[in-house]
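Q: Pasting a structure below so you can have a look.
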Amino acid sequence: MNEPRPRAPSTGRVIWLVGKLSWSRLSNRWARRRGVRPGERGATARKPSAGRLVIAVASVLFALQAVMGSTVLIQRLAATAEQRAERERVVLNEASWALIAGAPRAELEQRFEQMVRNETSPLLDATERQERRALLWRTFRERGLEGFRESRLPAVPLWPSRQIWYSDADPLVLLRPLALVACLLALAQALQHVAGSDDDLSRVSASLEWLFTFPVPARALFFARACSALFTGQLVWPLLFPFYAVTFVCSGLGAASVPLAVGAAAYHALLAGGLRVLLETTLRRYLPLAWVARVQAALLSLSVVAMLGSVATAYSRHVAWTFDWTLQLPGWVFLLPPSLPLWLTAGGARAGAAAAGAAGFATLWLALCVYTAERMVRAGVSGGGGPRAGRRGALESAARSQPPWAGVAYKELCAIFRDRRLRAQTFITPLLVFGMQFWLNPQLLSDITGGPRHVATAAFAVASFTLATGACTSLAMEGSSLWMLYTAPQRLERLLFQKLRVWICVAYLFAGAVLVLAWSRAPSLILPSLPYVVLTLLGIFLYAVIALGIGSLGTDPLEPEPRRRVRVGSVYLFMLLSSLFAYSIYAPSLWTKLVQLVLSALLAFALWQKLRDHLPYLLDPTAAPPPQIGVSDGIIAALGFFVLQGVFAFWFNDGGSEGRTLLLAFVSAGVSVTGFALFALYRSGVPRVLRALGLVRASDSRQSRWRQIALGLAAGLAAGGVALGYGLLLQRVSWLREWSERESTVLPDFESGSVPGWFVVLGVFAAPLFEEFIFRGILYRGLRRSVNARRAVLASALVFALVHPVVAAPPVFVMALLAASAYERTGWLATPIAAHMSYNAIVLASAALS
Amino acid sequence: MLVIEGLGKRYGEFSAVQELNLQVQEGEMFALLGPNGAGKTTTLRILMGFLKATAGRARIAGLDCFEQRVELKRIIGYLPDDPSFYDYLRGREIIEFSGSMHGLARALVEARSRPLVERLELGDALNDYAVNYSRGMKKKLALVCALLHEPRLLILDEPSSGLDPLATRGLNALLLECQARGTTILLSSHLLDQVERLCGRMAILAQGSIAAVGTLEELRRERGANHSLEEIFFAVAAPDRAGSA
């Protein structure tokens with residue numbers, strides 16, 4: 001009883017303890033196996049998440065983009081600085097100068113014209129292109145070559161290097177515009193940290209409330225919270241760090257650049273951490289809680305604007321403006337805290353003073369924020385009440401508020417219109433993002449209305465942006481209430497599709513708005529753009545399914561922190577994929593469009609199938625679906641097959657026979673893909689993989705081996721017959737003949753009336769073996785798992801026909817239909833291989849005979 | 001009604017449930033007892049098809065709890081230990097949503113929920129957003145949702161935690177009425193007197209498997225006459241601390 005009470009821990013110790021807590025949380029997230037003795041309860045093991053490779057690739061892409069973006073910015077600023085310093089002459093890059101410098105007098109004008117074309121073609125903006133062209137020609141007419149000089153900077157680098165830095169009399173010439181960019185980035189980062197995490201600022205988080213139950217000073221807790229920004233700031237390491245690293249490397253800081261960039265990024269993180277502590281405490285204390293959520297949404301929107309502003313400074317047409325504008329600013333502006341780390345590029349005493357100043361300011365700022373927050377929470381951490389002070393009305397008013405219809409779609413609509421953050425994300429962010437684009441680049445609107453394809457592409461871009469924020473996060477939005485969907489007697493994928501319908505409507509709404517805007521400016525585009533609009537509407541539907549698939553597969557519903565529930569990488573991956581759809585809008589032929597559309601549909605189906613496999617296991621931290629062959633495996637194998645053919649063709653190309661190279665490349669790609677697919681499926685644990693792929697005959701098969709092969713041969717003969725008839729038709733009908741001659745590609749080593757030996761080996765042996773393995777063995781098997789035989793046969797045949805040249809597609813489609821049907825009957829790959837072999841043999845024989 | 005055979009669930013190295021065998025008859029009210037971490041919630045979540053058992057099988061009314069989980073949901077009602085709801089829906093809308101998920105018409109949902117809402121004294125709060133409810137209120141709301149489709153089996157994870165004594169009494173009466181109408185009830189609980197009063201049979205879980213099962217009388221007979229359920233619980237679940245009970 002008389003034991004002395006233990007002393008409360010000191011501030012330093014509390015920061016250490018809370019830091020350790022955050023570290024444990026982080027390491028638990030990554031630790032897959034830790035040394036737990038049998039029977040002892042450790043952190044629950046977690047299943048490996050789907051698509052880690054994909055996320056890794058997306059993260060690398062993002063980091064590369066940040067590095068390249070920063071490099072291009074510095075290069076453009078340096079070029080502007082060089083031009084501004086050179087008052088007399090126009091500065092040309094190395095390639096342009098080489099083109100005109102040594103030109104003979106007679107060719108000079110022609111060479112100059114070519115140089116102007118080379119110089120201006122990378123500029124996407126028509127006005128900018130016009131201005132540059134006018135300047136170059138005016139100078140040339142007035143002063144000839146005297147009006148130009150070669151740049152001392154290397155042309156368009158993608159990687160940071162010392163050489164792209166420009167410094168002359170004023171060593172700070174690049175510091176000024178870069179400081180503006182740094183300020184905007186820091187602002188975006190700080191606001192994103194304050195408002196962008198999924199914490200509802202209007203509620204005190206449970207962990208903070210828990211920490212307040214201990215006998216420790218609030219000061220220590222706030223300090224620890226501010227410091228946690230080093231780990232939790234979302235833009236610190238992917239954006240600020242690469243920006244500073246590139247800047248320091250270019251300015252010549254060498255190996256010290258990386259540690260200095262770490263320091264600079266950490267400095268900004270700490271400033272943001274302090275700001276967050278100060279702002280969230282102030283908001284909670286002094287604002288009605290409903291308003292806190294509104295302010296949070298506004299701050300988030302502001303961070304998007306700051307982010308876009310910083311990106312916009314790197315646009316070619318804004319670089320000069322940024323440069324000139326920052327020159328007019330008084331010097332003290334660049335001594336403001338967000339620009340301090342950039343002074344390290346100045347070197348010497350100035351760099352030392354800036355580092356000391358930054359350290360001092362960070363310390364003071366944290367102290368000030370924490371002291372103020374501590375004073376504010378003396379009377380409690382929040383103003384009280386719930387985030388949405390509910391009305392306690394009588395039952396009569398409740399009856400009035402009842403919805404006319406209910407279900408998942410109604411729930412989703414409620415979420416969109418009642419959840420302030422989601423509402424801002426759905427309606428305000430797209431308006432801001434695209435509004436800013438139009439504001440920064442007024443040329444854009446006239447560019448969009450420049451052609452029917454541009455209109456359709458713009459509509460698709462806006463719609464897919466909406467899908468990236470909505471459909472991608474469909475599952476993650478369910479949050480901790482996901483259990484409710486699991487108690488319903490309905491399959492979860494159906495419920496997710498009901499949610500998806502709402503997002504498709506939202507995406508169509510935005511696409512429609514863009515179309516109306518574009519059409520109202522250029523009514524003549526309405527009719528010509530209609531086919532592209534139909535394609536776009538189809539694309540939006542398919543990409544909505546793809547967004548749902550990618551987003552949901554990248555979601556961990558058991559993750560307690562909402563913002564980590566859906567991986568950002570999967571959203572980027574979706575954006576990357578959706579940008580590929582633009583290709584099908586711009587593709588020259590209808591056939592290519594169709595191929596793109598069907599491949600997109602196949603991708604959507606593959607993702608849907610994978611999602612359907614995973615959904616029953618979402619609430620289980622360790623169980624995963626049993627490994628099975630899926631459509632995604634078929635897509636990967638087919639893509640790998642085509643890509644490897646190109647790689648091997650390049651590899652084997654020794655200038656000899658082109659036919660031999662093609663055959664070698666085809667066989668090598670086939671062997672590699674077959675080997676890798678077998679290994680991958682075996683490693684993933686697909687049960688009886690050879691049997692599943694049809695490589696081994698079922699032991700309980702009632703038909704004899706020869707009967708099954710004969711069935712295949714019969715299918716091949718029938719398809720061959722169709723091909724012969726089709727060939728006759730092509731010859732007899734004049735417009736068909738013209739079409740086939742127009743569309744046919746000439747294969748190497750072909751002389752009229754003969755078929756080269758390599759083509760016989762390829763057609764009769766290699767193609768049937770490898771193509772049947774990929775298209776029937778894997779793709780058809782994957783399709784068949786989720787749809788009935790008729791649909792699987794049709795879909796696999798359609799895909800198979802689409803990867804062939806358009807002229808050959810109709811009989812190939814028939815062959816694929818028959819081969820897949822025969823494969824469905826026997827389950828042994830020898831059957832479709834026999835069909836394919838006999839079909840190709842007939843077609844080749846008829847080609848040789850004719 | 002419910003048959004569990006050799007059920008096991010491992011999380012990596014850790015075995016949450018092992019070799020669990022149990023049968024619950026139609027119309028019975030059955031309790032799962034056991035200290036924290038004994039595997040009660042894991043067992044109930046396996047029965048709901050949220051988790052996939054790593055060994056053995058569990059069937060309800062002849063349907064496999066994981067493979068046929070969707071069909072099974074037509075006849076089960078579930079109350080989680082700590083229900084959380086969409087923060088953008090009001091209490092009434094959550095009831096509507098839950099009913100529509102089971103394919104019930106609005107009028108039917110209204111007719112079935114009104115008496116439940118009145119009994120559980122939830123009426124005034126239904127216009128509030130459910131995210132602002134206290135834990136007890138959330139439990140009541142989740143219970144209304146679980147009963148809407150008149151399930152044959154009710155799975156309740158600590159139904160009275162967070163409820164005040166008045167509400168607990170109301171809940172007990174409600175459960176007895178459900179049982180009288182033929183509903184089978186499987187509940188986990190730490191309130192031994194509640195279990196003693198309500199449940200015909202019970203199982204005591206310890207370290208993931210069943211340490212004792214039977215009616216109170218049978219358990220008493222095994223441990224010697226006149227023991228209270230609390231004494232039996234301590235003797236079975238924590239033999240080394242039984243003396244201090």
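Every chain in the structure tokens takes a letter, A first, then B, and so on in the order presented; its residues are numbered from 1, and the ligands are numbered from 1 following the presented order.
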Give me the residues near segment 177-187 of chain B as a ChimeraX atom specification, where near means some atom within 7 Å (using only C-alpha atoms) and where sequence neighbours in that chain fewer than 6 positions away do not count.
A: /B:26-32,152-158
Q: Where in segment 1-220 of chain B does DSSP assign strand (DSSP E), given as a ChimeraX atom specification?
A: /B:2-11,14-24,29-33,55-60,63-64,76-79,153-157,184-188,201-206,209-215
Q: Which neighbours of Arg564 of chain A fall inside 10 Å, counting only C-alpha atoms, when residues of the same chain fewer than 3 positions from it are skipped, and could you give them as a ChimeraX atom specification?
A: /A:197-198,476,555-557,559-561,567-568
Q: Check the smallest atom-to-atom distance from each of B:Arg114, B:Arg221, B:His227, B:Arg74 to Met101 of chain B using only C-alpha atoms, then report the winner.
A: B:Arg74
Q: Please produce, as a Markdown table, a per-residue contact table for chain B versus chain A (criterion: any atom at most 6 Å away, only C-alpha atoms considered), showing the nearest atom pair and its distance in Å to one decimal, sorted by chain then residue number.
A:
```
| residue | atom | partner | partner_atom | distance |
| --- | --- | --- | --- | --- |
| B:Tyr11 | CA | A:Ala45 | CA | 5.6 |
| B:Gly12 | CA | A:Ala45 | CA | 5.1 |
| B:Phe14 | CA | A:Gly39 | CA | 5.7 |
| B:Phe50 | CA | A:Leu619 | CA | 5.5 |
| B:Leu51 | CA | A:Asp620 | CA | 4.8 |
| B:Val70 | CA | A:Pro489 | CA | 4.7 |
| B:Glu71 | CA | A:Pro489 | CA | 5.9 |
| B:Lys73 | CA | A:Pro489 | CA | 4.6 |
| B:Arg74 | CA | A:Pro489 | CA | 5.4 |
| B:Ser84 | CA | A:Ser481 | CA | 5.5 |
| B:Phe85 | CA | A:Ser481 | CA | 5.1 |
| B:Tyr86 | CA | A:Ser481 | CA | 5.9 |
| B:Tyr88 | CA | A:Ala415 | CA | 5.7 |
| B:Phe97 | CA | A:Gly407 | CA | 5.2 |
| B:Ser100 | CA | A:Gly407 | CA | 5.6 |
| B:Met101 | CA | A:Ala488 | CA | 5.6 |
| B:Asn127 | CA | A:Ala398 | CA | 5.8 |
| B:Asp128 | CA | A:Gly390 | CA | 4.8 |
```
Q: Do you know which residues are at most 10 Å from Gly37 of chain B counting only C-alpha atoms, after dropping those on the same chain fewer than 2 positions away, and could you put them as a list in words?
A: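 Skipping anything fewer than 2 positions along the chain leaves Arg41 of chain A; Ala16, Val17, Gly34, Pro35, Gly39, Lys40, Thr41, Thr42, Leu205, Ala206, Gln207 and Gly208 of chain B.
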Q: List the spatial neighbours of segment 224-237 of chain A as a ChimeraX atom specification - criterion: any atom at most 10 Å away, only C-alpha atoms, same-chain residues fewer than 2 positions off excluded.
A: /A:11-12,14-19,22-23,26,63,185-186,188-190,192-194,196-197,208,218-222,239-243,261-262,264-278,366,369-370,563
Q: Can you tell me how far atom CA of Val566 of chain A sits from atom CA of Gly554 of chain A, in Å to one decimal?
A: 5.8 Å
Q: For the structure I just gave you, how does DSSP split segment 156-185 of chain A - specifically, which residues are helix (DSSP H, G or I)? Reply as JSON, numbers by chain.
A: {"A": [162, 163, 164, 175, 176, 177, 178, 179, 180, 181, 182, 183, 184, 185]}
Q: Store the residues picked out above, limited to C-alpha atoms, as a PDB file, in the first residue's frame.
A:
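The file below, selection-v5.pdb, is the result:
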```pdb
ATOM      1  CA  ARG A 162      24.789  17.625 -63.897  1.00  0.00           C
ATOM      2  CA  GLN A 163      24.852  18.783 -67.535  1.00  0.00           C
ATOM      3  CA  ILE A 164      21.270  20.015 -67.709  1.00  0.00           C
ATOM      4  CA  LEU A 175      16.396  28.415 -57.732  1.00  0.00           C
ATOM      5  CA  ARG A 176      13.596  30.951 -58.086  1.00  0.00           C
ATOM      6  CA  PRO A 177      11.232  28.984 -60.377  1.00  0.00           C
ATOM      7  CA  LEU A 178      12.091  25.735 -58.619  1.00  0.00           C
ATOM      8  CA  ALA A 179      11.220  27.360 -55.311  1.00  0.00           C
ATOM      9  CA  LEU A 180       7.753  28.102 -56.662  1.00  0.00           C
ATOM     10  CA  VAL A 181       7.311  24.462 -57.667  1.00  0.00           C
ATOM     11  CA  ALA A 182       8.644  23.308 -54.288  1.00  0.00           C
ATOM     12  CA  CYS A 183       6.186  25.603 -52.480  1.00  0.00           C
ATOM     13  CA  LEU A 184       3.243  24.246 -54.496  1.00  0.00           C
ATOM     14  CA  LEU A 185       4.333  20.644 -53.939  1.00  0.00           C
TER      15      LEU A 185
END
```
Q: Residues near Leu779 of chain A, anyone? I mean within 12 Å using only C-alpha atoms, not counting same-chain ones fewer than 6 positions away, as a PDB file with C-alpha atoms, in the first residue's frame.
A:
```
ATOM      1  CA  LEU A 602     -11.859 -10.589 -72.369  1.00  0.00           C
ATOM      2  CA  LEU A 603      -9.779  -8.665 -69.839  1.00  0.00           C
ATOM      3  CA  PHE A 605     -14.180 -11.121 -67.988  1.00  0.00           C
ATOM      4  CA  ALA A 606     -10.835 -12.417 -66.669  1.00  0.00           C
ATOM      5  CA  ILE A 629      -6.901 -22.305 -64.496  1.00  0.00           C
ATOM      6  CA  GLY A 630      -8.475 -18.959 -65.340  1.00  0.00           C
ATOM      7  CA  VAL A 631      -9.050 -16.684 -68.323  1.00  0.00           C
ATOM      8  CA  SER A 632      -6.327 -14.403 -66.966  1.00  0.00           C
ATOM      9  CA  ASP A 633      -3.822 -17.260 -67.409  1.00  0.00           C
ATOM     10  CA  GLY A 634      -4.977 -17.587 -71.016  1.00  0.00           C
ATOM     11  CA  ILE A 635      -4.543 -13.850 -71.635  1.00  0.00           C
ATOM     12  CA  ILE A 636      -1.075 -13.844 -70.087  1.00  0.00           C
ATOM     13  CA  ALA A 637      -0.040 -16.911 -72.138  1.00  0.00           C
ATOM     14  CA  ALA A 638      -1.390 -15.463 -75.393  1.00  0.00           C
ATOM     15  CA  LEU A 639       0.209 -12.040 -74.787  1.00  0.00           C
ATOM     16  CA  ALA A 677       2.757 -21.910 -68.221  1.00  0.00           C
ATOM     17  CA  ALA A 692      -6.720 -30.122 -66.441  1.00  0.00           C
ATOM     18  CA  LEU A 693      -4.972 -28.745 -69.532  1.00  0.00           C
ATOM     19  CA  GLY A 694      -5.953 -31.765 -71.612  1.00  0.00           C
ATOM     20  CA  GLU A 771      -1.833 -22.370 -80.439  1.00  0.00           C
ATOM     21  CA  GLU A 772      -4.083 -25.212 -79.327  1.00  0.00           C
ATOM     22  CA  PHE A 773      -2.241 -25.392 -75.999  1.00  0.00           C
ATOM     23  CA  ARG A 785     -15.010 -22.810 -65.657  1.00  0.00           C
ATOM     24  CA  SER A 786     -17.402 -19.865 -65.487  1.00  0.00           C
ATOM     25  CA  ALA A 792     -17.041 -20.811 -73.994  1.00  0.00           C
ATOM     26  CA  VAL A 793     -16.746 -22.311 -77.495  1.00  0.00           C
ATOM     27  CA  LEU A 794     -18.033 -19.100 -79.072  1.00  0.00           C
ATOM     28  CA  ALA A 795     -15.847 -16.766 -77.015  1.00  0.00           C
ATOM     29  CA  SER A 796     -12.629 -18.751 -77.450  1.00  0.00           C
ATOM     30  CA  ALA A 797     -13.248 -19.074 -81.203  1.00  0.00           C
ATOM     31  CA  LEU A 798     -13.936 -15.337 -81.493  1.00  0.00           C
ATOM     32  CA  VAL A 799     -10.691 -14.438 -79.733  1.00  0.00           C
ATOM     33  CA  PHE A 800      -8.771 -16.977 -81.820  1.00  0.00           C
ATOM     34  CA  ALA A 820     -13.286 -26.228 -79.287  1.00  0.00           C
TER      35      ALA A 820
END
```
Q: Which neighbours of Thr54 of chain B fall inside 7 Å, counting only C-alpha atoms, when residues of the same chain fewer than 2 positions from it are skipped, and could you give them as a PyMOL selection string?
A: chain B and resi 8-10+52
Q: Output the selection as a short mmCIF file (atom, residue, chain, number, x, y, z; two decimals), in the first residue's frame - N, CA and C atoms for each residue.
A:
```cif
data_model
loop_
_atom_site.label_atom_id
_atom_site.label_comp_id
_atom_site.auth_asym_id
_atom_site.auth_seq_id
_atom_site.Cartn_x
_atom_site.Cartn_y
_atom_site.Cartn_z
N GLY B 8 -11.62 -27.46 -37.63
CA GLY B 8 -10.36 -26.84 -37.23
C GLY B 8 -10.14 -25.58 -38.04
N LYS B 9 -9.49 -24.58 -37.42
CA LYS B 9 -9.14 -23.35 -38.14
C LYS B 9 -7.78 -22.88 -37.65
N ARG B 10 -6.86 -22.78 -38.58
CA ARG B 10 -5.52 -22.31 -38.23
C ARG B 10 -5.29 -20.97 -38.89
N LYS B 52 -13.09 -19.93 -43.85
CA LYS B 52 -13.09 -21.30 -44.38
C LYS B 52 -12.30 -22.17 -43.41
#
```
Q: Hey, which of B:Met48, B:Ile210, B:Leu7, B:Ile232 ends up closest to Leu79 of chain B? Count only C-alpha atoms.
A: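 Between B:Met48, B:Ile210, B:Leu7, B:Ile232, the residue approaching Leu79 of chain B most closely is B:Met48.
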Q: How many Å lie between atom CA of Ser59 of chain A and atom CA of Ile550 of chain A, rounded to one decimal?
A: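 So the two atoms, atom CA of Ser59 of chain A and atom CA of Ile550 of chain A, lie 15.1 Å apart.
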